[in-house]
$ cat protein01.txt   # compact mmCIF, C-alpha atoms and all ligand atoms
# COMPACT_ATOMS: atom_id res chain seq x y z
CA MET F 1230 2.38 -11.36 4.88
CA ASN F 1231 1.59 -13.52 1.88
CA LEU F 1232 -0.43 -16.58 2.69
CA GLU F 1233 -1.05 -19.72 0.66
CA ALA F 1234 -4.66 -20.75 1.09
CA ASP F 1235 -5.65 -24.36 1.75
CA PRO F 1236 -7.06 -25.77 -1.55
CA ASN F 1237 -9.83 -27.45 0.46
CA LEU F 1238 -11.01 -24.15 1.90
CA ILE F 1239 -14.71 -23.64 1.15
CA VAL F 1240 -15.33 -20.48 -0.87
CA HIS F 1241 -18.42 -18.83 -2.31
CA PHE F 1242 -18.12 -18.92 -6.09
CA ALA F 1243 -20.76 -18.75 -8.84
CA GLY F 1244 -23.50 -18.83 -6.21
CA GLN F 1245 -22.24 -22.02 -4.56
CA TYR F 1246 -20.12 -23.12 -1.64
CA ILE F 1247 -17.29 -25.14 -3.18
CA PRO F 1248 -13.65 -26.01 -2.39
CA LEU F 1249 -11.12 -23.38 -3.46
CA ARG F 1250 -9.41 -25.88 -5.79
CA GLU F 1251 -12.63 -26.10 -7.86
CA ALA F 1252 -13.19 -22.33 -8.08
CA ARG F 1253 -11.51 -21.63 -11.40
CA ILE F 1254 -11.84 -18.93 -14.06
CA GLY F 1255 -10.97 -19.05 -17.76
CA ILE F 1256 -7.75 -17.66 -19.19
CA LEU F 1257 -9.64 -15.10 -21.31
CA THR F 1258 -11.61 -13.64 -18.40
CA HIS F 1259 -11.91 -9.88 -18.96
CA ALA F 1260 -10.81 -8.90 -15.43
CA LEU F 1261 -7.64 -10.96 -15.70
CA HIS F 1262 -6.48 -9.02 -18.74
CA TYR F 1263 -7.81 -5.55 -18.03
CA GLY F 1264 -8.04 -5.36 -14.23
CA THR F 1265 -11.80 -4.84 -14.36
CA GLY F 1266 -12.65 -6.06 -10.89
CA VAL F 1267 -13.41 -4.44 -7.56
CA PHE F 1268 -12.46 -6.10 -4.31
CA GLU F 1269 -12.86 -5.61 -0.60
CA GLY F 1270 -10.90 -6.62 2.45
CA ILE F 1271 -12.72 -7.39 5.69
CA ARG F 1272 -11.33 -8.67 8.98
CA ALA F 1273 -12.75 -10.96 11.59
CA TYR F 1274 -11.08 -11.04 15.01
CA TRP F 1275 -11.05 -14.03 17.32
CA GLU F 1276 -11.75 -13.28 20.97
CA THR F 1277 -10.39 -16.13 23.05
CA ALA F 1278 -12.09 -15.27 26.34
CA GLY F 1279 -15.56 -15.26 24.83
CA GLN F 1280 -14.75 -17.92 22.19
CA GLU F 1281 -16.24 -15.70 19.52
CA LEU F 1282 -15.22 -14.47 16.11
CA TYR F 1283 -16.22 -10.89 15.35
CA LEU F 1284 -16.64 -9.52 11.86
CA MET F 1285 -15.44 -5.94 11.82
CA ARG F 1286 -17.87 -3.53 10.16
CA PRO F 1287 -19.01 -5.96 7.44
CA HIS F 1288 -22.00 -3.83 6.46
CA GLU F 1289 -19.81 -0.80 5.81
CA HIS F 1290 -17.40 -2.91 3.75
CA PHE F 1291 -20.11 -4.45 1.61
CA GLU F 1292 -21.78 -1.11 1.17
CA ARG F 1293 -18.48 0.42 -0.01
CA TRP F 1294 -17.92 -2.57 -2.28
CA LYS F 1295 -21.30 -2.28 -3.94
CA ARG F 1296 -20.92 1.46 -4.44
CA ASN F 1297 -17.41 1.09 -5.82
CA CYS F 1298 -18.67 -1.58 -8.19
CA GLU F 1299 -21.05 1.00 -9.63
CA ILE F 1300 -18.05 3.04 -10.80
CA LEU F 1301 -17.09 0.10 -13.04
CA ARG F 1302 -20.76 -0.67 -13.76
CA LEU F 1303 -20.32 -4.00 -12.05
CA GLU F 1304 -23.43 -5.45 -10.54
CA VAL F 1305 -23.46 -7.48 -7.34
CA SER F 1306 -27.02 -8.70 -7.28
CA LEU F 1307 -27.26 -9.68 -3.59
CA PRO F 1308 -28.25 -7.26 -0.83
CA ILE F 1309 -25.77 -6.35 1.87
CA ASP F 1310 -27.43 -8.48 4.55
CA GLU F 1311 -27.14 -11.55 2.36
CA LEU F 1312 -23.48 -10.83 1.65
CA CYS F 1313 -22.87 -10.57 5.39
CA ALA F 1314 -24.71 -13.86 5.90
CA ILE F 1315 -22.57 -15.58 3.22
CA THR F 1316 -19.44 -14.29 4.94
CA ALA F 1317 -20.48 -15.58 8.36
CA GLN F 1318 -21.47 -18.87 6.75
CA LEU F 1319 -18.02 -19.21 5.13
CA LEU F 1320 -16.26 -18.60 8.42
CA ARG F 1321 -18.44 -21.22 10.10
CA ARG F 1322 -18.16 -23.78 7.30
CA ASN F 1323 -14.39 -23.48 7.41
CA ALA F 1324 -14.50 -23.66 11.22
CA ILE F 1325 -12.23 -20.64 11.51
CA HIS F 1326 -11.43 -19.97 15.16
CA ALA F 1327 -8.64 -17.47 14.61
CA ASP F 1328 -8.17 -13.99 13.19
CA ALA F 1329 -9.40 -14.07 9.62
CA TYR F 1330 -9.43 -12.07 6.43
CA ILE F 1331 -12.33 -11.97 3.97
CA ARG F 1332 -11.85 -11.08 0.34
CA PRO F 1333 -14.98 -10.34 -1.74
CA LEU F 1334 -14.17 -9.86 -5.42
CA ALA F 1335 -16.54 -8.75 -8.18
CA TYR F 1336 -15.27 -8.88 -11.74
CA LYS F 1337 -16.06 -8.67 -15.42
CA CYS F 1338 -16.23 -12.32 -16.34
CA ALA F 1339 -16.81 -12.42 -20.12
CA GLU F 1340 -14.18 -14.62 -21.76
CA ARG F 1341 -13.15 -12.73 -24.85
CA ILE F 1342 -10.64 -10.23 -26.21
CA GLY F 1343 -11.55 -6.50 -26.23
CA VAL F 1344 -11.14 -3.89 -23.52
CA SER F 1345 -14.65 -2.44 -23.50
CA PRO F 1346 -16.53 -4.33 -20.77
CA ASP F 1347 -20.01 -5.75 -21.17
CA ASN F 1348 -22.62 -6.76 -18.64
CA GLN F 1349 -21.28 -10.16 -17.69
CA ASP F 1350 -20.44 -9.84 -14.02
CA ALA F 1351 -19.54 -12.39 -11.37
CA PHE F 1352 -18.41 -12.33 -7.78
CA ALA F 1353 -16.74 -14.56 -5.25
CA VAL F 1354 -16.05 -14.41 -1.53
CA VAL F 1355 -13.09 -16.09 0.17
CA ALA F 1356 -12.53 -16.21 3.94
CA LEU F 1357 -9.32 -17.54 5.38
CA PRO F 1358 -7.36 -17.54 8.63
CA TYR F 1359 -4.97 -14.63 8.54
CA GLY F 1360 -2.62 -13.22 11.13
CA GLU F 1361 -0.52 -10.07 10.96
CA TYR F 1362 -0.16 -8.49 7.51
CA LEU F 1363 2.85 -6.33 8.36
CA ARG F 1364 5.13 -7.13 11.31
CA SER F 1365 4.76 -3.79 13.00
CA ASP F 1366 5.52 -4.50 16.69
CA GLN F 1367 8.90 -2.80 16.45
CA GLY F 1368 7.50 -0.11 14.16
CA LEU F 1369 7.95 0.09 10.40
CA HIS F 1370 10.68 1.67 8.32
CA ALA F 1371 8.95 3.23 5.31
CA CYS F 1372 10.25 4.97 2.22
CA VAL F 1373 8.62 7.59 0.05
CA SER F 1374 8.01 5.76 -3.19
CA ALA F 1375 9.23 7.00 -6.56
CA TRP F 1376 5.83 5.87 -7.91
CA ARG F 1377 3.00 8.38 -7.67
CA ARG F 1378 -0.48 7.42 -6.47
CA VAL F 1379 -3.00 6.87 -9.26
CA GLU F 1380 -5.02 9.97 -10.06
CA ASP F 1381 -8.78 10.09 -9.67
CA ASN F 1382 -9.14 11.00 -13.33
CA ALA F 1383 -7.09 7.98 -14.39
CA ILE F 1384 -8.17 5.20 -12.02
CA PRO F 1385 -10.01 6.30 -8.85
CA ALA F 1386 -7.94 5.25 -5.83
CA ARG F 1387 -11.06 5.37 -3.68
CA ALA F 1388 -12.67 2.53 -5.63
CA LYS F 1389 -10.49 -0.52 -4.79
CA ILE F 1390 -10.32 -1.40 -8.46
CA CYS F 1391 -8.12 -4.44 -9.16
CA GLY F 1392 -6.13 -2.75 -11.93
CA ALA F 1393 -5.24 0.17 -9.66
CA TYR F 1394 -3.36 -2.20 -7.38
CA VAL F 1395 -0.56 -2.44 -9.94
CA ASN F 1396 0.31 0.99 -8.52
CA SER F 1397 0.45 -0.45 -4.97
CA ALA F 1398 2.33 -3.55 -6.12
CA LEU F 1399 5.04 -1.51 -7.88
CA ALA F 1400 5.53 0.72 -4.85
CA SER F 1401 5.52 -2.08 -2.32
CA ASP F 1402 7.85 -4.29 -4.39
CA ASP F 1403 10.41 -1.49 -4.79
CA ALA F 1404 10.21 -0.66 -1.09
CA ARG F 1405 10.82 -4.25 0.02
CA ARG F 1406 13.63 -4.86 -2.45
CA ALA F 1407 15.31 -1.72 -1.09
CA GLY F 1408 15.03 -3.10 2.46
CA PHE F 1409 12.05 -1.03 3.68
CA ASP F 1410 8.92 -2.48 5.23
CA GLU F 1411 6.43 -0.33 3.36
CA ALA F 1412 6.04 2.44 0.78
CA ILE F 1413 4.35 5.80 1.25
CA LEU F 1414 2.99 7.19 -2.01
CA LEU F 1415 2.76 10.85 -2.94
CA ASN F 1416 0.10 11.99 -5.37
CA GLU F 1417 0.78 13.98 -8.53
CA SER F 1418 0.54 17.24 -6.53
CA GLY F 1419 3.46 16.03 -4.43
CA HIS F 1420 1.36 15.62 -1.30
CA VAL F 1421 1.34 12.51 0.84
CA ALA F 1422 -1.46 10.19 -0.25
CA GLU F 1423 -1.24 6.87 1.59
CA GLY F 1424 0.61 3.59 2.07
CA SER F 1425 0.41 0.82 -0.54
CA THR F 1426 -2.58 -0.73 1.25
CA SER F 1427 -3.27 1.67 4.09
CA ASN F 1428 -4.16 5.24 5.01
CA ILE F 1429 -1.71 7.43 6.88
CA PHE F 1430 -1.96 9.61 9.99
CA MET F 1431 0.60 12.05 11.34
CA VAL F 1432 0.92 13.64 14.79
CA ARG F 1433 2.57 17.08 14.70
CA LYS F 1434 2.67 19.52 17.61
CA GLY F 1435 -0.13 17.68 19.39
CA ARG F 1436 -2.43 17.60 16.36
CA LEU F 1437 -3.62 14.48 14.61
CA ILE F 1438 -3.67 14.95 10.83
CA THR F 1439 -4.59 12.81 7.84
CA PRO F 1440 -4.91 13.67 4.13
CA PRO F 1441 -8.45 14.48 2.98
CA VAL F 1442 -10.26 11.96 0.77
CA THR F 1443 -9.69 14.23 -2.23
CA GLU F 1444 -5.92 13.50 -2.19
CA ASN F 1445 -6.25 10.21 -4.14
CA VAL F 1446 -6.67 7.90 -1.20
CA LEU F 1447 -8.97 5.05 -0.41
CA GLU F 1448 -11.75 6.20 1.90
CA GLY F 1449 -10.64 3.78 4.56
CA ILE F 1450 -13.05 2.23 7.01
CA THR F 1451 -10.25 1.87 9.57
CA ARG F 1452 -9.43 5.53 8.93
CA SER F 1453 -12.97 6.47 9.91
CA ALA F 1454 -12.83 4.17 12.97
CA ILE F 1455 -9.59 5.83 14.10
CA MET F 1456 -11.11 9.29 13.60
CA GLU F 1457 -14.06 8.29 15.77
CA LEU F 1458 -11.86 6.74 18.47
CA ALA F 1459 -9.54 9.76 18.49
CA GLU F 1460 -12.40 12.17 18.90
CA ARG F 1461 -14.51 10.22 21.38
CA GLU F 1462 -11.83 8.57 23.48
CA LEU F 1463 -8.87 10.97 23.26
CA GLY F 1464 -10.76 14.21 22.62
CA MET F 1465 -8.65 14.80 19.49
CA ARG F 1466 -10.43 16.01 16.40
CA VAL F 1467 -8.54 14.82 13.34
CA ALA F 1468 -7.56 17.56 10.89
CA GLU F 1469 -8.00 16.53 7.26
CA ARG F 1470 -5.49 18.57 5.29
CA PRO F 1471 -2.76 17.96 2.69
CA ILE F 1472 0.53 16.69 4.11
CA ASP F 1473 3.86 17.66 2.53
CA ARG F 1474 6.58 15.06 2.06
CA SER F 1475 8.97 16.92 4.35
CA GLU F 1476 6.39 16.88 7.14
CA LEU F 1477 6.88 13.11 7.27
CA TYR F 1478 10.45 13.81 8.38
CA LEU F 1479 9.34 16.34 11.01
CA ALA F 1480 6.37 14.38 12.39
CA ASP F 1481 6.27 13.44 16.06
CA GLU F 1482 4.37 10.24 15.22
CA LEU F 1483 3.26 8.49 12.06
CA PHE F 1484 1.04 5.46 11.65
CA LEU F 1485 -0.75 3.52 8.96
CA THR F 1486 -4.31 2.25 9.23
CA GLY F 1487 -6.13 -0.40 7.26
CA THR F 1488 -8.16 -3.55 7.53
CA ALA F 1489 -5.12 -5.74 6.89
CA VAL F 1490 -2.49 -3.70 8.77
CA GLY F 1491 -4.70 -2.56 11.66
CA VAL F 1492 -2.85 0.36 13.21
CA ALA F 1493 0.85 0.13 12.36
CA PRO F 1494 3.37 2.69 13.65
CA VAL F 1495 6.00 4.01 11.25
CA VAL F 1496 9.17 4.81 13.21
CA ARG F 1497 11.54 5.71 10.37
CA VAL F 1498 10.96 7.30 6.97
CA ASP F 1499 13.74 7.34 4.37
CA HIS F 1500 16.34 6.58 7.09
CA ARG F 1501 15.13 9.47 9.27
CA ALA F 1502 13.74 8.82 12.75
CA VAL F 1503 10.11 9.73 13.35
CA GLY F 1504 9.97 11.27 16.83
CA ASP F 1505 11.85 8.91 19.15
CA ALA F 1506 11.83 6.14 16.53
CA ALA F 1507 9.45 4.17 18.75
CA LEU F 1508 5.72 3.64 19.10
CA GLY F 1509 4.37 7.06 20.10
CA PRO F 1510 1.78 7.71 22.82
CA ILE F 1511 -1.09 8.66 20.51
CA ALA F 1512 -0.50 5.85 18.01
CA GLY F 1513 -0.11 3.48 20.96
CA GLN F 1514 -3.41 4.49 22.53
CA LEU F 1515 -5.31 4.38 19.24
CA ARG F 1516 -3.84 1.01 18.37
CA HIS F 1517 -4.85 -0.36 21.75
CA LEU F 1518 -8.36 1.08 21.51
CA TYR F 1519 -8.82 -0.20 17.96
CA PHE F 1520 -7.86 -3.76 18.82
CA GLU F 1521 -9.90 -3.74 22.03
CA ALA F 1522 -12.90 -2.55 20.02
CA ALA F 1523 -12.29 -5.13 17.27
CA HIS F 1524 -12.28 -7.92 19.86
CA GLY F 1525 -15.58 -6.82 21.37
CA ARG F 1526 -14.08 -5.54 24.59
CA LEU F 1527 -15.38 -1.98 24.32
CA ARG F 1528 -19.09 -1.73 24.80
CA ASN F 1529 -19.47 1.56 22.91
CA TYR F 1530 -18.02 0.00 19.77
CA ARG F 1531 -19.93 -3.28 19.75
CA LYS F 1532 -21.97 -1.56 17.02
CA TRP F 1533 -19.03 -2.23 14.66
CA LEU F 1534 -19.08 -5.99 15.22
CA VAL F 1535 -21.11 -8.93 14.00
CA PRO F 1536 -20.54 -12.14 15.98
CA VAL F 1537 -20.12 -15.20 13.77
CA TYR F 1538 -20.74 -18.17 16.06
CA LYS F 1539 -23.22 -17.03 18.68
CA PRO F 1540 -25.35 -14.35 17.09
CA GLU F 1541 -28.40 -15.09 19.24
CA ALA F 1542 -26.60 -15.74 22.48
CA ASP F 1543 -24.63 -12.59 21.85
CA SER F 1544 -27.63 -10.37 21.54
CA GLY F 1545 -28.91 -11.85 24.79
CA ARG F 1546 -26.99 -13.44 27.59
CA GLY F 1547 -23.61 -13.44 25.84
CA THR F 1548 -23.69 -9.74 25.24
CA ASN F 1549 -24.79 -9.04 28.76
CA ARG F 1550 -21.91 -11.05 30.11
CA LEU F 1551 -19.46 -9.20 27.89
CA GLU F 1552 -21.03 -5.86 28.56
CA GLN F 1553 -20.89 -6.48 32.30
CA ALA F 1554 -17.23 -7.30 31.93
CA ASN F 1555 -16.67 -4.17 29.87
CA ALA F 1556 -18.56 -2.00 32.28
CA ALA F 1557 -16.63 -3.38 35.27
C1 LIG B 1 -4.72 1.66 -1.00
C2 LIG B 1 -5.41 1.44 0.31
N1 LIG B 1 -5.55 2.50 1.15
C3 LIG B 1 -6.15 2.36 2.33
C4 LIG B 1 -6.64 1.13 2.77
C5 LIG B 1 -7.31 1.03 4.09
O1 LIG B 1 -8.70 0.91 3.95
P1 LIG B 1 -9.59 0.13 4.99
O2 LIG B 1 -9.31 0.73 6.32
O3 LIG B 1 -10.98 0.37 4.56
O4 LIG B 1 -9.19 -1.29 4.92
C6 LIG B 1 -6.50 0.01 1.93
C7 LIG B 1 -7.00 -1.29 2.34
O5 LIG B 1 -8.09 -1.67 2.11
C8 LIG B 1 -5.89 0.19 0.67
O6 LIG B 1 -5.76 -0.85 -0.17
$ encode --input "protein01.txt" --output "structure tokens" --more "lines below"
Ligand SMILES: Cc1ncc(COP(=O)(O)O)c(C=O)c1O
Amino acid sequence: MNLEADPNLIVHFAGQYIPLREARIGILTHALHYGTGVFEGIRAYWETAGQELYLMRPHEHFERWKRNCEILRLEVSLPIDELCAITAQLLRRNAIHADAYIRPLAYKCAERIGVSPDNQDAFAVVALPYGEYLRSDQGLHACVSAWRRVEDNAIPARAKICGAYVNSALASDDARRAGFDEAILLNESGHVAEGSTSNIFMVRKGRLITPPVTENVLEGITRSAIMELAERELGMRVAERPIDRSELYLADELFLTGTAVGVAPVVRVDHRAVGDAALGPIAGQLRHLYFEAAHGRLRNYRKWLVPVYKPEADSGRGTNRLEQANAA
């Protein structure tokens, strides 16, 4: 889903809270020409019963962001706690009482020609209401893209570097123009890497399998959440091993995971049915568990969440109320 943001939305830009319409960069900005930025994607989920908005694993996202920035020698001067505080502040200032998406972006901001970057770095954070990214209720029809996933020795896929997303954009654009919902990219070895903005899991003969992080994939935070849920809640240890293209056609279940997509079942690949061409039992359970956890309804996974509106109440009475409900 592409979403136009309200120009009056308050964003964090150049160290200030200002309306989106005033947050502007110059035409010669280095990152605009050369893709020298690193971004993140974070979700916040609105829980109607408790009237609370939960940030999903913000510390892990900001930690990954800062580390990835180091690959480009980009410096984000603020500590993780402060970045989390800015994010919660943005959600409150914009009075967001709905599912939301947060986009931190660090970039090389010098305004000049010349590819070699210098030490002029900037960052911004935008938080906006955001619903479903891919309509996946009926399951997705994916294609294997003709584009190969960027190689680690060219542009590291694990780093969420802006320029690398040309690769995702090419694959996703081709897929949609050909009538598919999403693209699955192979890497240069011919193994399955990931979706254009998501990691991939396959169920085959009762085993849950995902490509290892050395296959040119983003080291997804949802991926790690799904691995934890699968192991702890379903007793399924996820095997990390290369996946061949033809295994996609033989899989019993396939699903994509990511901050934006959540857990999205793939029911057809290249016009071939995956299993029964419907949401499978394992994907279904993991999807349910993930969204329950993201909405604060599973006590064991409250560790992933940071409440935006009632931080104090939540660590006291609010939490107890929720925990009692969860325990019941
Ligand atoms: C290429 C790519 N792979 C995987 C993911 C999933 O990562 P995460 O679960 O951390 O959002 C994303 C989204 O951030 C992505 O852009």
$ closest_residue --input "protein01.txt" --among "F:Ala1375, F:Ile1511, F:Met1285, F:Leu1527" --to "ligand LIG 1 (chain B)" --atoms "only C-alpha atoms and all ligand atoms"
F:Met1285
$ atom_distance --input "protein01.txt" --atom1 "CA of Met1465 in chain F" --atom2 "CA of Arg1526 in chain F"
21.7 Å
$ residues_around --input "protein01.txt" --residues "Leu1508 in chain F" --least-positions-apart "2" --cutoff "8 Å" --atoms "all atoms listed in the file" --output "MDAnalysis selection string"
chainID F and resid 1367:1368 1482 1494:1496 1506 1510 1512:1513
$ residues_around --input "protein01.txt" --residues "Glu1476 in chain F" --least-positions-apart "5" --cutoff "12 Å" --atoms "all atoms listed in the file" --output "ChimeraX atom specification"
/F:1373,1419-1421,1430-1434,1438-1439,1471,1481-1483,1498,1501,1503-1504
$ closest_residue --input "protein01.txt" --among "F:Phe1484, F:Ile1325, F:His1262, F:Glu1251" --to "Glu1276 in chain F" --atoms "only C-alpha atoms"
F:Ile1325
$ axis_aligned_box --input "protein01.txt" --around "range 1376-1393 of chain F" --padding-each-side "3 Å" --output "JSON"
{"center_x": -3.4, "center_y": 3.3, "center_z": -9.0, "size_x": 24.5, "size_y": 21.4, "size_z": 16.7}
$ closest_residue --input "protein01.txt" --among "F:Leu1415, F:Ile1300, F:Leu1261, F:Ala1383" --to "Cys1338 in chain F" --atoms "only C-alpha atoms"
F:Leu1261
$ closest_atom_pairs --input "protein01.txt" --of "chain F" --to "ligand LIG 1 (chain B)" --cutoff "8 Å" --atoms "all atoms listed in the file" --output "JSON lines"
{"residue": "F:Glu1269", "atom": "CA", "partner": "B:LIG1", "partner_atom": "O5", "distance": 6.8}
{"residue": "F:Gly1270", "atom": "CA", "partner": "B:LIG1", "partner_atom": "O5", "distance": 5.7}
{"residue": "F:Ile1271", "atom": "CA", "partner": "B:LIG1", "partner_atom": "O4", "distance": 7.1}
{"residue": "F:His1290", "atom": "CA", "partner": "B:LIG1", "partner_atom": "O3", "distance": 7.3}
{"residue": "F:Ala1386", "atom": "CA", "partner": "B:LIG1", "partner_atom": "C1", "distance": 6.8}
{"residue": "F:Arg1387", "atom": "CA", "partner": "B:LIG1", "partner_atom": "C1", "distance": 7.8}
{"residue": "F:Lys1389", "atom": "CA", "partner": "B:LIG1", "partner_atom": "O6", "distance": 6.6}
{"residue": "F:Tyr1394", "atom": "CA", "partner": "B:LIG1", "partner_atom": "C1", "distance": 7.6}
{"residue": "F:Ser1397", "atom": "CA", "partner": "B:LIG1", "partner_atom": "C1", "distance": 6.9}
{"residue": "F:Glu1423", "atom": "CA", "partner": "B:LIG1", "partner_atom": "N1", "distance": 6.2}
{"residue": "F:Gly1424", "atom": "CA", "partner": "B:LIG1", "partner_atom": "N1", "distance": 6.3}
{"residue": "F:Ser1425", "atom": "CA", "partner": "B:LIG1", "partner_atom": "C1", "distance": 5.2}
{"residue": "F:Thr1426", "atom": "CA", "partner": "B:LIG1", "partner_atom": "C8", "distance": 3.5}
{"residue": "F:Ser1427", "atom": "CA", "partner": "B:LIG1", "partner_atom": "C3", "distance": 3.4}
{"residue": "F:Asn1428", "atom": "CA", "partner": "B:LIG1", "partner_atom": "C3", "distance": 4.4}
{"residue": "F:Val1446", "atom": "CA", "partner": "B:LIG1", "partner_atom": "N1", "distance": 6.0}
{"residue": "F:Leu1447", "atom": "CA", "partner": "B:LIG1", "partner_atom": "N1", "distance": 4.5}
{"residue": "F:Glu1448", "atom": "CA", "partner": "B:LIG1", "partner_atom": "O1", "distance": 6.4}
{"residue": "F:Gly1449", "atom": "CA", "partner": "B:LIG1", "partner_atom": "O3", "distance": 3.4}
{"residue": "F:Ile1450", "atom": "CA", "partner": "B:LIG1", "partner_atom": "O3", "distance": 3.7}
{"residue": "F:Thr1451", "atom": "CA", "partner": "B:LIG1", "partner_atom": "O2", "distance": 3.6}
{"residue": "F:Arg1452", "atom": "CA", "partner": "B:LIG1", "partner_atom": "O2", "distance": 5.5}
{"residue": "F:Ser1453", "atom": "CA", "partner": "B:LIG1", "partner_atom": "O2", "distance": 7.7}
{"residue": "F:Thr1486", "atom": "CA", "partner": "B:LIG1", "partner_atom": "O2", "distance": 6.0}
{"residue": "F:Gly1487", "atom": "CA", "partner": "B:LIG1", "partner_atom": "O2", "distance": 3.5}
{"residue": "F:Thr1488", "atom": "CA", "partner": "B:LIG1", "partner_atom": "O4", "distance": 3.6}
{"residue": "F:Ala1489", "atom": "CA", "partner": "B:LIG1", "partner_atom": "O4", "distance": 6.3}
{"residue": "F:Gly1491", "atom": "CA", "partner": "B:LIG1", "partner_atom": "O2", "distance": 7.8}
$ closest_residue --input "protein01.txt" --among "F:Pro1346, F:Pro1287, F:Gly1360, F:Gly1509" --to "Ile1309 in chain F" --atoms "only C-alpha atoms"
F:Pro1287
$ residues_around --input "protein01.txt" --residues "Asp1350 in chain F" --least-positions-apart "6" --cutoff "12 Å" --atoms "all atoms listed in the file" --output "PyMOL selection string"
chain F and resi 1243+1258-1260+1265-1267+1298-1299+1301-1306+1334-1340
$ residues_around --input "protein01.txt" --residues "range 1278-1283 of chain F" --least-positions-apart "5" --cutoff "6 Å" --atoms "only C-alpha atoms" --output "list in words"
Ala1273, Leu1534, Val1535, Pro1536 and Val1537 of chain F
$ atom_distance --input "protein01.txt" --atom1 "CA of Leu1284 in chain F" --atom2 "CA of Ala1523 in chain F"
8.2 Å
$ build_atoms --input "protein01.txt" --residues "range 1484-1497 of chain F" --atoms "N, CA and C atoms" --output "compact mmCIF listing (two decimals), in the coordinates of the input"
# COMPACT_ATOMS: atom_id res chain seq x y z
N PHE F 1484 1.52 6.85 11.67
CA PHE F 1484 1.04 5.46 11.65
C PHE F 1484 0.12 5.22 10.47
N LEU F 1485 0.07 3.95 10.08
CA LEU F 1485 -0.75 3.52 8.96
C LEU F 1485 -1.98 2.81 9.51
N THR F 1486 -3.09 2.94 8.80
CA THR F 1486 -4.31 2.25 9.23
C THR F 1486 -4.92 1.51 8.05
N GLY F 1487 -5.47 0.36 8.32
CA GLY F 1487 -6.13 -0.40 7.26
C GLY F 1487 -6.66 -1.71 7.82
N THR F 1488 -7.58 -2.29 7.09
CA THR F 1488 -8.16 -3.55 7.53
C THR F 1488 -7.08 -4.60 7.73
N ALA F 1489 -6.17 -4.72 6.77
CA ALA F 1489 -5.12 -5.74 6.89
C ALA F 1489 -4.08 -5.33 7.93
N VAL F 1490 -3.60 -4.10 7.87
CA VAL F 1490 -2.49 -3.70 8.77
C VAL F 1490 -2.96 -3.33 10.17
N GLY F 1491 -4.23 -3.05 10.36
CA GLY F 1491 -4.70 -2.56 11.66
C GLY F 1491 -4.19 -1.15 11.86
N VAL F 1492 -3.49 -0.94 12.97
CA VAL F 1492 -2.85 0.36 13.21
C VAL F 1492 -1.36 0.08 13.37
N ALA F 1493 -0.56 0.51 12.39
CA ALA F 1493 0.85 0.13 12.36
C ALA F 1493 1.74 1.38 12.44
N PRO F 1494 2.51 1.50 13.53
CA PRO F 1494 3.37 2.69 13.65
C PRO F 1494 4.51 2.67 12.65
N VAL F 1495 4.83 3.85 12.12
CA VAL F 1495 6.00 4.01 11.25
C VAL F 1495 7.02 4.77 12.09
N VAL F 1496 8.20 4.17 12.31
CA VAL F 1496 9.17 4.81 13.21
C VAL F 1496 10.35 5.43 12.47
N ARG F 1497 10.50 5.08 11.19
CA ARG F 1497 11.54 5.71 10.37
C ARG F 1497 10.99 5.92 8.97
